[in-house]
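Trainee: Just so it is clear, I am handing over upload_29.cif, which has mmCIF, C-alpha atoms and all ligand atoms.
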```cif
data_my_file
#
loop_
_atom_site.label_atom_id
_atom_site.label_comp_id
_atom_site.auth_asym_id
_atom_site.auth_seq_id
_atom_site.Cartn_x
_atom_site.Cartn_y
_atom_site.Cartn_z
CA MET A 893 -15.91 11.47 -25.68
CA LEU A 894 -15.21 14.37 -28.01
CA SER A 895 -17.63 14.75 -30.93
CA ILE A 896 -17.85 17.55 -33.48
CA GLY A 897 -20.90 17.47 -35.73
CA ASN A 898 -21.32 13.85 -36.77
CA LEU A 899 -17.66 13.00 -36.06
CA THR A 900 -16.56 11.23 -32.89
CA PHE A 901 -12.92 11.00 -31.94
CA ALA A 902 -11.01 8.21 -30.21
CA SER A 903 -9.30 10.76 -27.93
CA PRO A 904 -10.21 14.25 -26.69
CA LEU A 905 -6.56 15.29 -27.19
CA VAL A 906 -6.18 17.37 -30.34
CA LEU A 907 -2.99 18.35 -32.15
CA ALA A 908 -3.34 22.13 -32.56
CA PRO A 909 -2.57 23.88 -35.84
CA MET A 910 0.94 25.35 -35.86
CA SER A 911 2.15 27.44 -38.75
CA GLY A 912 5.45 26.19 -40.17
CA ILE A 913 5.16 23.00 -38.10
CA SER A 914 1.92 21.05 -38.55
CA ASP A 915 2.87 19.37 -41.81
CA LEU A 916 2.09 15.78 -42.80
CA PRO A 917 5.23 14.20 -41.22
CA PHE A 918 4.62 16.01 -37.91
CA ARG A 919 0.95 15.02 -37.83
CA LEU A 920 1.68 11.35 -38.56
CA ILE A 921 4.27 11.14 -35.76
CA ASN A 922 1.80 12.63 -33.26
CA ARG A 923 -1.01 10.39 -34.46
CA SER A 924 1.15 7.34 -33.81
CA PHE A 925 1.03 8.32 -30.11
CA GLY A 926 -2.73 8.73 -30.02
CA CYS A 927 -3.81 12.29 -30.80
CA GLY A 928 -7.51 12.08 -31.65
CA LEU A 929 -7.71 14.83 -34.26
CA ALA A 930 -5.12 16.94 -36.04
CA PHE A 931 -5.12 20.13 -38.08
CA THR A 932 -3.10 21.44 -40.96
CA GLU A 933 -1.23 24.64 -40.28
CA MET A 934 -3.27 27.71 -41.18
CA ILE A 935 -3.71 28.22 -44.90
CA CYS A 936 -4.31 31.66 -46.31
CA ALA A 937 -7.51 31.62 -48.38
CA ARG A 938 -6.16 34.20 -50.82
CA SER A 939 -2.91 32.29 -51.52
CA LEU A 940 -4.91 29.11 -51.89
CA SER A 941 -7.36 30.74 -54.30
CA HIS A 942 -4.31 31.58 -56.46
CA LYS A 943 -3.25 27.94 -56.11
CA SER A 944 0.13 28.95 -54.72
CA LYS A 945 2.54 25.99 -54.63
CA ASN A 946 3.19 26.40 -50.91
CA SER A 947 -0.50 26.40 -50.01
CA LEU A 948 -1.18 23.32 -52.10
CA LYS A 949 1.74 21.48 -50.48
CA ARG A 950 0.19 22.21 -47.08
CA LEU A 951 -2.97 20.38 -48.15
CA SER A 952 -1.06 17.12 -48.69
CA THR A 953 -2.52 14.25 -46.73
CA THR A 954 -2.72 10.43 -46.75
CA THR A 955 -5.26 7.84 -45.68
CA ASP A 956 -3.40 7.42 -42.34
CA ASP A 957 -3.70 11.13 -41.65
CA LYS A 958 -7.25 11.07 -40.34
CA PRO A 959 -9.37 12.58 -38.87
CA LEU A 960 -8.01 15.84 -40.23
CA GLY A 961 -9.18 19.44 -40.08
CA VAL A 962 -7.93 22.13 -42.42
CA GLN A 963 -7.49 25.58 -40.97
CA VAL A 964 -8.30 28.57 -43.14
CA LEU A 965 -7.29 32.18 -42.64
CA GLY A 966 -9.13 34.95 -44.44
CA ASP A 967 -11.86 37.56 -44.26
CA ASP A 968 -13.24 38.12 -47.75
CA PRO A 969 -16.28 35.86 -48.30
CA ASP A 970 -15.71 35.57 -52.07
CA VAL A 971 -12.07 34.61 -51.63
CA LEU A 972 -13.04 32.16 -48.89
CA LYS A 973 -15.58 30.54 -51.21
CA ARG A 974 -12.93 30.09 -53.90
CA ALA A 975 -10.63 28.51 -51.31
CA LEU A 976 -13.45 26.22 -50.12
CA ASP A 977 -13.99 25.07 -53.71
CA ILE A 978 -10.38 23.90 -53.80
CA LEU A 979 -10.59 22.33 -50.33
CA SER A 980 -13.70 20.37 -51.32
CA LYS A 981 -11.51 18.22 -53.57
CA TYR A 982 -9.50 16.97 -50.57
CA PRO A 983 -10.57 14.46 -47.90
CA PHE A 984 -10.75 16.88 -44.96
CA ASP A 985 -13.17 16.16 -42.13
CA ILE A 986 -13.49 19.67 -40.66
CA ILE A 987 -13.07 23.25 -41.88
CA ASP A 988 -11.62 25.38 -39.07
CA PHE A 989 -11.65 29.15 -39.40
CA ASN A 990 -8.79 31.09 -37.83
CA ALA A 991 -9.85 34.07 -35.70
CA ALA A 992 -6.90 33.68 -33.35
CA CYS A 993 -3.61 34.40 -35.12
CA PRO A 994 -1.90 37.36 -33.38
CA ALA A 995 0.75 38.14 -36.05
CA ASN A 996 0.95 41.81 -37.01
CA LYS A 997 0.76 41.24 -40.73
CA VAL A 998 -2.38 39.12 -40.23
CA VAL A 999 -4.28 41.38 -37.80
CA SER A 1000 -3.36 44.57 -39.66
CA GLY A 1001 -5.36 43.20 -42.59
CA GLY A 1002 -8.34 42.58 -40.29
CA ARG A 1003 -7.83 38.80 -40.25
CA GLY A 1004 -6.98 36.26 -37.54
CA SER A 1005 -7.51 37.66 -34.05
CA GLY A 1006 -8.16 41.07 -35.69
CA LEU A 1007 -11.66 39.71 -36.33
CA LEU A 1008 -12.31 39.53 -32.58
CA ARG A 1009 -12.70 43.30 -32.73
CA GLU A 1010 -15.53 42.90 -35.25
CA PRO A 1011 -17.90 40.27 -33.83
CA VAL A 1012 -20.72 40.99 -36.28
CA ARG A 1013 -18.43 40.74 -39.30
CA LEU A 1014 -16.90 37.54 -37.93
CA GLN A 1015 -20.36 36.02 -37.47
CA GLY A 1016 -21.22 36.94 -41.06
CA ILE A 1017 -18.06 35.26 -42.37
CA LEU A 1018 -18.81 32.11 -40.37
CA GLU A 1019 -22.36 32.04 -41.73
CA VAL A 1020 -21.01 32.15 -45.28
CA ILE A 1021 -18.57 29.29 -44.63
CA VAL A 1022 -21.19 27.14 -42.89
CA LYS A 1023 -23.64 27.64 -45.76
CA TYR A 1024 -21.03 27.02 -48.44
CA THR A 1025 -19.41 23.80 -47.22
CA GLY A 1026 -21.03 20.49 -46.39
CA LEU A 1027 -18.38 19.77 -43.73
CA PRO A 1028 -18.63 20.62 -40.03
CA VAL A 1029 -17.17 24.10 -39.45
CA THR A 1030 -15.26 25.06 -36.31
CA VAL A 1031 -13.66 28.32 -35.28
CA LYS A 1032 -10.49 29.04 -33.35
CA ILE A 1033 -10.57 32.16 -31.19
CA ARG A 1034 -8.67 33.83 -28.38
CA SER A 1035 -10.18 35.32 -25.23
CA GLY A 1036 -10.32 38.76 -26.85
CA TRP A 1037 -8.15 41.47 -28.34
CA ASP A 1038 -6.70 42.82 -25.09
CA GLU A 1039 -7.48 42.77 -21.38
CA THR A 1040 -9.96 45.61 -21.73
CA SER A 1041 -11.94 43.87 -24.46
CA VAL A 1042 -12.31 40.24 -23.45
CA ASN A 1043 -15.31 39.25 -25.59
CA ALA A 1044 -14.87 35.53 -26.28
CA ALA A 1045 -18.25 34.76 -24.65
CA GLU A 1046 -20.08 36.99 -27.13
CA ILE A 1047 -18.03 35.68 -30.07
CA ALA A 1048 -18.68 32.09 -29.01
CA LEU A 1049 -22.46 32.59 -28.93
CA ARG A 1050 -22.36 34.32 -32.30
CA ALA A 1051 -20.32 31.44 -33.72
CA GLN A 1052 -22.83 28.94 -32.40
CA ASP A 1053 -25.68 30.97 -33.93
CA ALA A 1054 -23.80 30.95 -37.24
CA GLY A 1055 -23.99 27.15 -37.25
CA VAL A 1056 -20.44 26.40 -36.14
CA LYS A 1057 -20.11 22.86 -34.72
CA GLY A 1058 -17.20 23.33 -32.32
CA LEU A 1059 -15.27 26.13 -30.64
CA PHE A 1060 -11.49 26.06 -30.15
CA ILE A 1061 -10.33 28.68 -27.69
CA HIS A 1062 -6.82 29.69 -26.66
CA GLY A 1063 -7.51 31.47 -23.38
CA ARG A 1064 -5.15 34.38 -23.95
CA THR A 1065 -5.80 37.73 -25.57
CA ARG A 1066 -4.19 38.77 -28.81
CA MET A 1067 -2.00 41.22 -26.93
CA GLN A 1068 -0.71 38.48 -24.63
CA GLY A 1069 0.68 36.53 -27.57
CA TYR A 1070 1.97 33.29 -26.10
CA SER A 1071 2.87 34.45 -22.60
CA GLY A 1072 1.09 35.46 -19.41
CA SER A 1073 -1.65 33.48 -17.73
CA VAL A 1074 -4.40 31.60 -19.55
CA ASP A 1075 -7.95 32.44 -18.50
CA TYR A 1076 -9.43 29.02 -17.77
CA ASN A 1077 -12.36 30.57 -15.82
CA LEU A 1078 -13.49 32.33 -18.96
CA ILE A 1079 -13.33 29.05 -20.89
CA ARG A 1080 -15.44 27.41 -18.17
CA GLU A 1081 -18.08 30.15 -18.48
CA ILE A 1082 -18.16 29.72 -22.24
CA LYS A 1083 -18.38 25.93 -21.97
CA THR A 1084 -21.37 26.32 -19.64
CA ALA A 1085 -23.11 28.76 -21.99
CA LEU A 1086 -22.66 26.80 -25.24
CA LYS A 1087 -24.39 23.74 -26.66
CA ILE A 1088 -21.57 22.95 -29.09
CA PRO A 1089 -18.32 21.34 -27.87
CA VAL A 1090 -15.60 23.59 -26.51
CA ILE A 1091 -11.98 22.57 -26.95
CA ALA A 1092 -9.63 24.50 -24.70
CA GLY A 1093 -6.03 25.47 -25.29
CA GLY A 1094 -3.16 27.39 -23.76
CA ASP A 1095 -0.26 25.91 -21.78
CA ALA A 1096 -1.15 22.28 -22.49
CA LEU A 1097 2.49 21.53 -21.86
CA SER A 1098 2.44 18.30 -19.82
CA PRO A 1099 -0.01 15.56 -18.74
CA VAL A 1100 -0.54 17.32 -15.40
CA LEU A 1101 -1.22 20.70 -17.01
CA ILE A 1102 -3.59 19.11 -19.55
CA ARG A 1103 -5.58 17.45 -16.77
CA LYS A 1104 -5.73 20.84 -15.03
CA ILE A 1105 -7.28 22.33 -18.18
CA PHE A 1106 -9.97 19.61 -18.26
CA ASP A 1107 -10.64 20.05 -14.54
CA GLU A 1108 -10.72 23.85 -14.50
CA THR A 1109 -12.70 24.40 -17.71
CA GLY A 1110 -14.98 21.35 -17.97
CA CYS A 1111 -14.07 21.40 -21.68
CA ASP A 1112 -14.78 18.58 -24.13
CA GLY A 1113 -11.24 18.40 -25.45
CA VAL A 1114 -7.81 20.02 -25.17
CA THR A 1115 -5.52 21.20 -27.96
CA VAL A 1116 -1.82 20.51 -27.56
CA ALA A 1117 0.55 22.83 -29.42
CA ARG A 1118 3.99 23.68 -27.99
CA GLY A 1119 3.83 20.65 -25.69
CA ALA A 1120 4.01 18.37 -28.73
CA LEU A 1121 7.17 19.93 -30.20
CA GLY A 1122 9.73 17.13 -30.10
CA ASN A 1123 7.40 15.36 -27.68
CA PRO A 1124 4.73 13.25 -29.40
CA TRP A 1125 4.80 11.00 -26.31
CA ILE A 1126 2.70 13.66 -24.56
CA PHE A 1127 -0.44 12.19 -26.15
CA ARG A 1128 0.18 8.65 -24.85
CA GLN A 1129 1.39 9.82 -21.45
CA THR A 1130 -1.61 12.11 -20.99
CA ALA A 1131 -4.11 9.44 -22.02
CA GLU A 1132 -2.57 7.08 -19.45
CA TYR A 1133 -2.50 9.78 -16.78
CA LEU A 1134 -6.17 10.67 -17.38
CA LYS A 1135 -7.05 6.99 -16.98
CA SER A 1136 -4.83 5.90 -14.10
CA GLY A 1137 -3.83 9.10 -12.29
CA VAL A 1138 -0.16 8.16 -12.70
CA VAL A 1139 2.14 9.88 -15.18
CA PRO A 1140 4.09 7.12 -16.94
CA PRO A 1141 7.85 7.60 -17.37
CA GLY A 1142 9.03 9.51 -20.42
CA PRO A 1143 10.91 7.90 -23.32
CA ASP A 1144 14.56 6.92 -22.94
CA VAL A 1145 17.19 8.22 -25.33
CA ASN A 1146 16.97 5.16 -27.62
CA GLU A 1147 13.26 5.64 -28.06
CA ILE A 1148 13.77 9.37 -28.70
CA ALA A 1149 16.43 8.57 -31.31
CA ARG A 1150 14.14 5.99 -32.96
CA ILE A 1151 11.34 8.51 -33.37
CA MET A 1152 13.76 11.23 -34.52
CA LYS A 1153 15.01 8.95 -37.30
CA LYS A 1154 11.46 8.09 -38.29
CA HIS A 1155 10.49 11.78 -38.36
CA LEU A 1156 13.59 12.69 -40.37
CA ALA A 1157 12.94 9.91 -42.91
CA SER A 1158 9.34 11.05 -43.24
CA ASN A 1159 10.48 14.67 -43.77
CA ILE A 1160 12.93 13.61 -46.49
CA ALA A 1161 10.30 11.48 -48.24
CA PHE A 1162 7.82 14.38 -48.13
CA TYR A 1163 10.06 17.38 -48.98
CA GLY A 1164 13.14 15.85 -50.59
CA GLU A 1165 16.50 15.65 -48.82
CA GLU A 1166 17.59 19.29 -48.81
CA THR A 1167 14.37 20.83 -47.47
CA GLY A 1168 13.52 17.80 -45.34
CA VAL A 1169 16.81 18.08 -43.44
CA ILE A 1170 16.64 21.86 -43.08
CA LEU A 1171 13.12 21.63 -41.66
CA PHE A 1172 14.21 18.88 -39.29
CA ARG A 1173 16.96 21.02 -37.72
CA LYS A 1174 14.60 22.77 -35.31
CA PHE A 1175 13.06 19.44 -34.35
CA PHE A 1176 16.52 18.16 -33.40
CA GLY A 1177 16.60 20.99 -30.86
CA TRP A 1178 13.13 20.19 -29.54
CA TYR A 1179 13.63 16.41 -29.29
CA THR A 1180 16.84 16.96 -27.33
CA LYS A 1181 15.48 19.63 -25.00
CA GLY A 1182 16.99 19.18 -21.55
CA MET A 1183 19.82 16.92 -22.78
CA ALA A 1184 23.39 18.10 -22.27
CA VAL A 1185 24.25 17.92 -25.98
CA LYS A 1186 25.04 21.49 -26.91
CA ASP A 1187 27.66 20.53 -29.46
CA LEU A 1188 25.40 18.03 -31.27
CA LYS A 1189 22.61 20.62 -31.39
CA ALA A 1190 24.92 23.22 -32.89
CA ARG A 1191 26.06 20.72 -35.52
CA ALA A 1192 22.46 19.71 -36.28
CA PHE A 1193 21.71 23.33 -37.13
CA LEU A 1194 24.36 23.09 -39.86
CA ALA A 1195 23.61 19.59 -41.11
CA SER A 1196 22.54 19.43 -44.74
CA THR A 1197 22.27 15.75 -45.62
CA GLY A 1198 20.16 12.96 -44.22
CA ASP A 1199 23.26 10.86 -43.41
CA GLU A 1200 24.81 13.71 -41.46
CA MET A 1201 21.63 14.17 -39.43
CA VAL A 1202 21.32 10.44 -38.75
CA ARG A 1203 24.91 10.36 -37.47
CA LEU A 1204 24.11 13.22 -35.08
CA ILE A 1205 21.02 11.39 -33.84
CA GLU A 1206 23.14 8.28 -33.28
CA GLY A 1207 25.58 10.50 -31.39
CA LEU A 1208 22.83 11.07 -28.81
CA GLU A 1209 22.69 7.35 -28.07
CA GLU A 1210 26.44 7.27 -27.44
CA ILE A 1211 26.58 10.31 -25.15
CA THR A 1212 23.63 9.74 -22.84
C1 LIG B 1 4.92 28.11 -33.76
C2 LIG B 1 3.43 28.22 -33.56
C3 LIG B 1 2.60 28.33 -34.66
C4 LIG B 1 1.22 28.45 -34.49
N1 LIG B 1 0.42 28.51 -35.60
C5 LIG B 1 -0.93 28.50 -35.44
C6 LIG B 1 -1.80 28.42 -36.56
O1 LIG B 1 -1.38 28.30 -37.71
N2 LIG B 1 -3.14 28.45 -36.32
C7 LIG B 1 -3.65 28.54 -35.06
O2 LIG B 1 -4.87 28.57 -34.88
N3 LIG B 1 -2.86 28.61 -33.99
C8 LIG B 1 -1.52 28.57 -34.15
N4 LIG B 1 -0.72 28.58 -33.04
C9 LIG B 1 -1.32 28.60 -31.70
C10 LIG B 1 -1.49 27.18 -31.13
O3 LIG B 1 -2.36 26.41 -31.94
C11 LIG B 1 -2.03 27.24 -29.68
O4 LIG B 1 -3.31 27.80 -29.68
C12 LIG B 1 -1.15 28.06 -28.76
O5 LIG B 1 0.23 27.74 -28.96
C13 LIG B 1 -1.49 27.83 -27.29
O6 LIG B 1 -1.26 26.52 -26.92
P1 LIG B 1 0.04 26.07 -26.07
O7 LIG B 1 0.20 27.10 -24.97
O8 LIG B 1 -0.33 24.71 -25.58
O9 LIG B 1 1.20 26.11 -27.00
C14 LIG B 1 0.67 28.48 -33.19
C15 LIG B 1 1.52 28.37 -32.10
C16 LIG B 1 2.88 28.24 -32.25
C17 LIG B 1 3.75 28.10 -31.04
#
```
For the file at hand, write its structure as structure tokens.
Ligand SMILES: Cc1cc2nc3c(=O)[nH]c(=O)nc-3n(C[C@H](O)[C@H](O)[C@H](O)COP(=O)(O)O)c2cc1C

Mentor:
Amino acid sequence: MLSIGNLTFASPLVLAPMSGISDLPFRLINRSFGCGLAFTEMICARSLSHKSKNSLKRLSTTTDDKPLGVQVLGDDPDVLKRALDILSKYPFDIIDFNAACPANKVVSGGRGSGLLREPVRLQGILEVIVKYTGLPVTVKIRSGWDETSVNAAEIALRAQDAGVKGLFIHGRTRMQGYSGSVDYNLIREIKTALKIPVIAGGDALSPVLIRKIFDETGCDGVTVARGALGNPWIFRQTAEYLKSGVVPPGPDVNEIARIMKKHLASNIAFYGEETGVILFRKFFGWYTKGMAVKDLKARAFLASTGDEMVRLIEGLEEIT
């Protein structure tokens, strides 16, 4: 059973924050297949403190969208406090601090995984957040900056000392980005050393790989990121696999088309037709991964109305 602070979740499978992806429609689709906790995409504290329209849109949530963590990116304690003031008006359950993002423009400003190079400063920032908010605070880290400076164990202990209630760790260094092997041994060492829950991530791409993460790290939960792109069924399949030891069959094309239509409708309701359809284009590609539908995919990348996109989805049912 995964618990963070005074919260207990129905499943230890967590939908990871993904920038440009983890919006309300995406979260609701994944929740309908049993993810136990979800996060907003990362929100820049400075943009939020200026009440930028984009940041505020990313805070949108509904009563079905629970339990929900909001992920904050930043490094200036005063700016973070202003952002937390705004966040306190929303029904979030967890404040997660991002010390993991590898993007150049983020780390060059000393934020995201750039903070892994400054453990003392990171601890200080976490202390400020913990003191300032009444919600449980978690932190997302990577294994270190590069292979010569793997310091997640030190960072994890500092985070725990700062009063953080849960540690999310992607077991790759900043320099690895999203490729190369994930260091599950390191996560196991950290899990053994900490009192707070450790939620592991990195290559949670299938039920079998997720079970491997639980087995190899002894972690309390697993975050699923890329494995959930166009594949919300991963949550239900993994839960069944963890229980029975048998991976249930994947969805057939009719079920995939049903969920695609639901996701598209939810996107259009949330963003309006133009943006909702544009943002759905990449999901068309993910939902149809592995299907021999090159032509439909190419047309989906040009579709601009909801009707057009629905016709392409229905085309999947006819072809396969
Ligand atoms: C497109 C994309 C966007 C991401 N955005 C975020 C983010 O906003 N915050 C964050 O902490 N991690 C972000 N991540 C990292 C994931 O949460 C996760 O830690 C990483 O993808 C490793 O898990 P996986 O190998 O199962 O995909 C992102 C990953 C991807 C692929």

Trainee: Would you mind reading off the distance between atom C16 of ligand LIG 1 (chain B) and CA of Asn996 in chain A, one decimal, in Å?

Mentor: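 Distance reported for this atom pair: 14.5 Å.
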
Trainee: Just want the residues within 6 Å of ligand LIG 1 (chain B), written as a compact mmCIF listing (two decimals) with C-alpha atoms, keeping the file's coordinate frame, counting all atoms listed in the file.

Mentor:
```
# COMPACT_ATOMS: atom_id res chain seq x y z
CA ALA A 908 -3.34 22.13 -32.56
CA PRO A 909 -2.57 23.88 -35.84
CA MET A 910 0.94 25.35 -35.86
CA SER A 911 2.15 27.44 -38.75
CA GLU A 933 -1.23 24.64 -40.28
CA MET A 934 -3.27 27.71 -41.18
CA ASN A 990 -8.79 31.09 -37.83
CA ALA A 992 -6.90 33.68 -33.35
CA CYS A 993 -3.61 34.40 -35.12
CA LYS A 1032 -10.49 29.04 -33.35
CA HIS A 1062 -6.82 29.69 -26.66
CA GLY A 1093 -6.03 25.47 -25.29
CA GLY A 1094 -3.16 27.39 -23.76
CA ASP A 1095 -0.26 25.91 -21.78
CA ALA A 1096 -1.15 22.28 -22.49
CA LEU A 1097 2.49 21.53 -21.86
CA VAL A 1116 -1.82 20.51 -27.56
CA ALA A 1117 0.55 22.83 -29.42
CA ARG A 1118 3.99 23.68 -27.99
CA GLY A 1119 3.83 20.65 -25.69
```

Trainee: Excluding Ala995 in chain A and its own-chain neighbours fewer than 3 positions away, which residues fall within 9 Å of it when counting only C-alpha atoms? Please give them as an NGL selection string.

Mentor: :A and (998-1000 or 1004-1005 or 1066 or 1069)

Trainee: Check the smallest atom-to-atom distance from each of A:Ala902, A:Leu1121, A:Leu1194, A:Ile1160 to Phe918 in chain A using all atoms listed in the file, then report the winner.

Mentor: A:Leu1121

Trainee: Give me the residues near Lys958 in chain A as a list in words, where near means some atom within 9 Å (using all atoms listed in the file) and where sequence neighbours in that chain fewer than 2 positions away do not count.

Mentor: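 Counting only the stated atoms, we get Arg923, Gly928, Leu929, Ala930, Thr953, Thr954, Thr955, Asp956, Leu960, Gly961, Pro983, Phe984 and Asp985 of chain A.
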
Trainee: Got time to write the residues from that selection, C-alpha atoms, as a tab-separated table (two decimals), in the coordinates of the input?

Mentor:
```tsv
chain	number	residue	atom	x	y	z
A	923	ARG	CA	-1.01	10.39	-34.46
A	928	GLY	CA	-7.51	12.08	-31.65
A	929	LEU	CA	-7.71	14.83	-34.26
A	930	ALA	CA	-5.12	16.94	-36.04
A	953	THR	CA	-2.52	14.25	-46.73
A	954	THR	CA	-2.72	10.43	-46.75
A	955	THR	CA	-5.26	7.84	-45.68
A	956	ASP	CA	-3.40	7.42	-42.34
A	960	LEU	CA	-8.01	15.84	-40.23
A	961	GLY	CA	-9.18	19.44	-40.08
A	983	PRO	CA	-10.57	14.46	-47.90
A	984	PHE	CA	-10.75	16.88	-44.96
A	985	ASP	CA	-13.17	16.16	-42.13
```

Trainee: What gap, in Å, lies between CA of Ile1082 in chain A and CA of Leu1049 in chain A?

Mentor: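 These two atoms are separated by 8.5 Å.
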
Trainee: Using all atoms listed in the file, I'd like a table of the residues in range 1066-1163 of chain A that come within 8 Å of range 1196-1211 of chain A; for each, show the closest atom pair and its distance in Å rounded to one decimal, ordered by chain and ascending number, as a tab-separated table.

Mentor:
```
residue	atom	partner	partner_atom	distance
A:Val1145	CA	A:Glu1209	CA	6.2
A:Asn1146	CA	A:Glu1209	CA	6.1
A:Ala1149	CA	A:Ile1205	CA	6.0
A:Met1152	CA	A:Ile1205	CA	7.3
A:Lys1153	CA	A:Val1202	CA	6.6
A:Leu1156	CA	A:Gly1198	CA	7.6
A:Ala1157	CA	A:Gly1198	CA	7.9
A:Ile1160	CA	A:Gly1198	CA	7.6
```

Trainee: So, counting all atoms listed in the file, which residue among A:Thr1115, A:Thr900, A:Thr1130, A:Ser947 is closest to Ile1061 in chain A?

Mentor: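 Comparing A:Thr1115, A:Thr900, A:Thr1130, A:Ser947 against Ile1061 in chain A, the winner is A:Thr1115.
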
Trainee: Compile the contact shell of Ala1044 in chain A as a PyMOL selection string: residues with an atom at most 9 Å away, counting all atoms listed in the file, same-chain residues fewer than 4 positions apart removed.

Mentor: chain A and resi 1008+1033-1036+1048-1049+1061+1063+1078-1079+1082

Trainee: My list of candidates is A:Arg1064, A:Lys1057, A:Val1114, A:Arg1103. Which is closest to Met893 in chain A when distances are computed with all atoms listed in the file?

Mentor: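 Among the listed residues, the smallest separation from Met893 in chain A belongs to A:Val1114.
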